[in-house]
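A.B. asks: Before I ask anything, let me first share the structure, which is written out below as structure tokens.
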Amino acid sequence: MLPLPAIDFSLPPDEASLRPPARERFAPRLVPETSGELVSIQDGRKLHLRSIRPNDIEALQRCFLRLSPEDVRRRFLHAMSELPTPMAQRLCQIDPSIETALVLVDETVVPGEIRGVGRIYVDEAADSAEFSVLVEKDWTRLGLGALLMQRLVDDCRRRGLAEIWGYVLLENRPMLDLCKALGFVRRRMDNEPGVAQIVLRLA
């Protein structure tokens with residue numbers, strides 16, 4: 001297998017204060033279907049960014065078990081104690097014509113562990129896609145959420161969609177702030193108190 005191309009998102013210490021907004025840090029790029037990318041982050045750790053695979057079921061379930069109840073509620077908008085196998089199978093076996101699912105895999109451990117997931121589901125009738133992004137707590141505040149979001153936005157543009165959107169709890173300030181930095185706007189949801197719909201127009 002050919003070596004993965006290394007991509008370094010870190011900046012020298014004296015340039016940290018000059019870091020551009022998240023929407024400018026990650027140039028438009030699609031994740032190759034074959035090998036993916038090797039992502040080097042600020043603290044020196046590396047993750048493999050690639051498309052999800054059918055054999056990621058157990059790794060996805062282990063990732064779920066490492067999430068806090070708050071993380072689970074923010075991602076799924078309700079409480080869940082485990083990720084049932086049928087649901088994990090469905091999440092790992094996507095239809096690429098209407099779905100994209102990307103994972104950030106830590107290959108420094110055996111077996112490899114999923115540290116982050118980003119996915120879209122396309123509504124062809126509405127010419128849009130719903131997104132979801134999740135990063136394991138110990139890997140947050142390193143730009144990985146922005147990386148996943150930008151790749152999903154790039155994929156929606158490649159598909160020629162008009163917009164990408166998602167539901168976010170109003171208490172989830174990190175996700176709301178991230179999406180605001182990437183150009184998303186909030187839509188009112190009078191019938192869903194505590195939940196915001198955030199939207200990025202692509203055309």
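Scheme for the structure tokens: letters A, B, ... for chains in order shown; per-chain residue numbers from 1; ligand numbers from 1 in order shown.
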Can you check which residues of stretch 33-186 of chain A DSSP gives as strand (DSSP E) on the backbone and send them as JSON, numbers by chain?

C.D. replies: {"A": [37, 38, 39, 40, 46, 47, 48, 49, 50, 51, 99, 100, 101, 102, 103, 104, 105, 106, 113, 114, 115, 116, 117, 118, 119, 120, 121, 122, 123, 128, 129, 130, 131, 132, 133, 134, 135, 163, 164, 165, 166, 167, 168, 169, 185, 186]}

A.B. asks: Leaving out A:Asp138 and any residue of its chain fewer than 6 positions from it, which residues lie within 10 Å of it when counting only C-alpha atoms, given as JSON, numbers by chain?

C.D. replies: {"A": [66, 67, 115]}

A.B. asks: From a backbone DSSP assignment, name each residue in stretch 50-122 of chain A labelled alpha helix (DSSP H), as a ChimeraX atom specification.

C.D. replies: /A:57-65,69-76,85-92

A.B. asks: May I ask which of the residues A:Asp155, A:Glu124, A:Asp71, A:Glu113 is the closest one to A:Ala101, counting only C-alpha atoms?

C.D. replies: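 Closest residue, counting only C-alpha atoms: A:Asp155.
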
A.B. asks: From the list A:Pro111, A:Ile120, A:Gln150, A:Lys137, which residue is nearest A:Ser97 when using only C-alpha atoms?

C.D. replies: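 Closest to A:Ser97, using only C-alpha atoms: A:Ile120.
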
A.B. asks: Could you check the closest approach to A:Asp177 for each of A:Ala126, A:Ala162, A:Ala146, A:Val153 and tell me which residue wins, using only C-alpha atoms?

C.D. replies: A:Ala146

A.B. asks: Could you list, as a VMD selection string, every residue within 12 Å of A:Ile198, counting only C-alpha atoms and ignoring same-chain residues fewer than 5 positions away?

C.D. replies: chain A and resid 129 to 132 163 to 170 175 to 180 182 to 189

A.B. asks: Under the rule that only C-alpha atoms are counted, which of A:Arg201, A:Arg173, A:Arg159, A:Lys46 is the nearest residue to A:Glu99?

C.D. replies: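 Residue with the minimum atom-to-atom distance to A:Glu99: A:Arg159.
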
A.B. asks: Might you pull out every residue within 12 Å of A:Gln61, with only C-alpha atoms counted and same-chain residues fewer than 3 positions away left off, and present them as an MDAnalysis selection string?

C.D. replies: chainID A and resid 55:58 64:67 81:89 91:92 113:115

A.B. asks: Counting only C-alpha atoms, which residue out of A:Val122, A:Met149, A:Ala196, A:Val109 sits closest to A:Glu171?

C.D. replies: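 Nearest to A:Glu171: A:Ala196.
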
A.B. asks: For atom CA of A:Ala181 and atom CA of A:Gly44, determine how far apart the two atoms are, in Å to one decimal place.

C.D. replies: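 Going from atom CA of A:Ala181 over to atom CA of A:Gly44, I get 24.7 Å.
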
A.B. asks: Return the single residue from A:Arg151, A:Arg62, A:Arg45, A:Arg53 that is closest to A:Ile94, with distances computed using only C-alpha atoms.

C.D. replies: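 Smallest separation from A:Ile94 among the options: A:Arg53.
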
A.B. asks: I'd like the contact shell of A:Arg141 - 12 Å cut-off, only C-alpha atoms, skipping same-chain residues fewer than 6 positions apart - returned as an MDAnalysis selection string.

C.D. replies: chainID A and resid 22 41:43 135 147 174:175 178

A.B. asks: Report the distance between atom CA of A:Glu136 and atom CA of A:Gly116 in Å, rounded to one decimal place.

C.D. replies: 5.9 Å
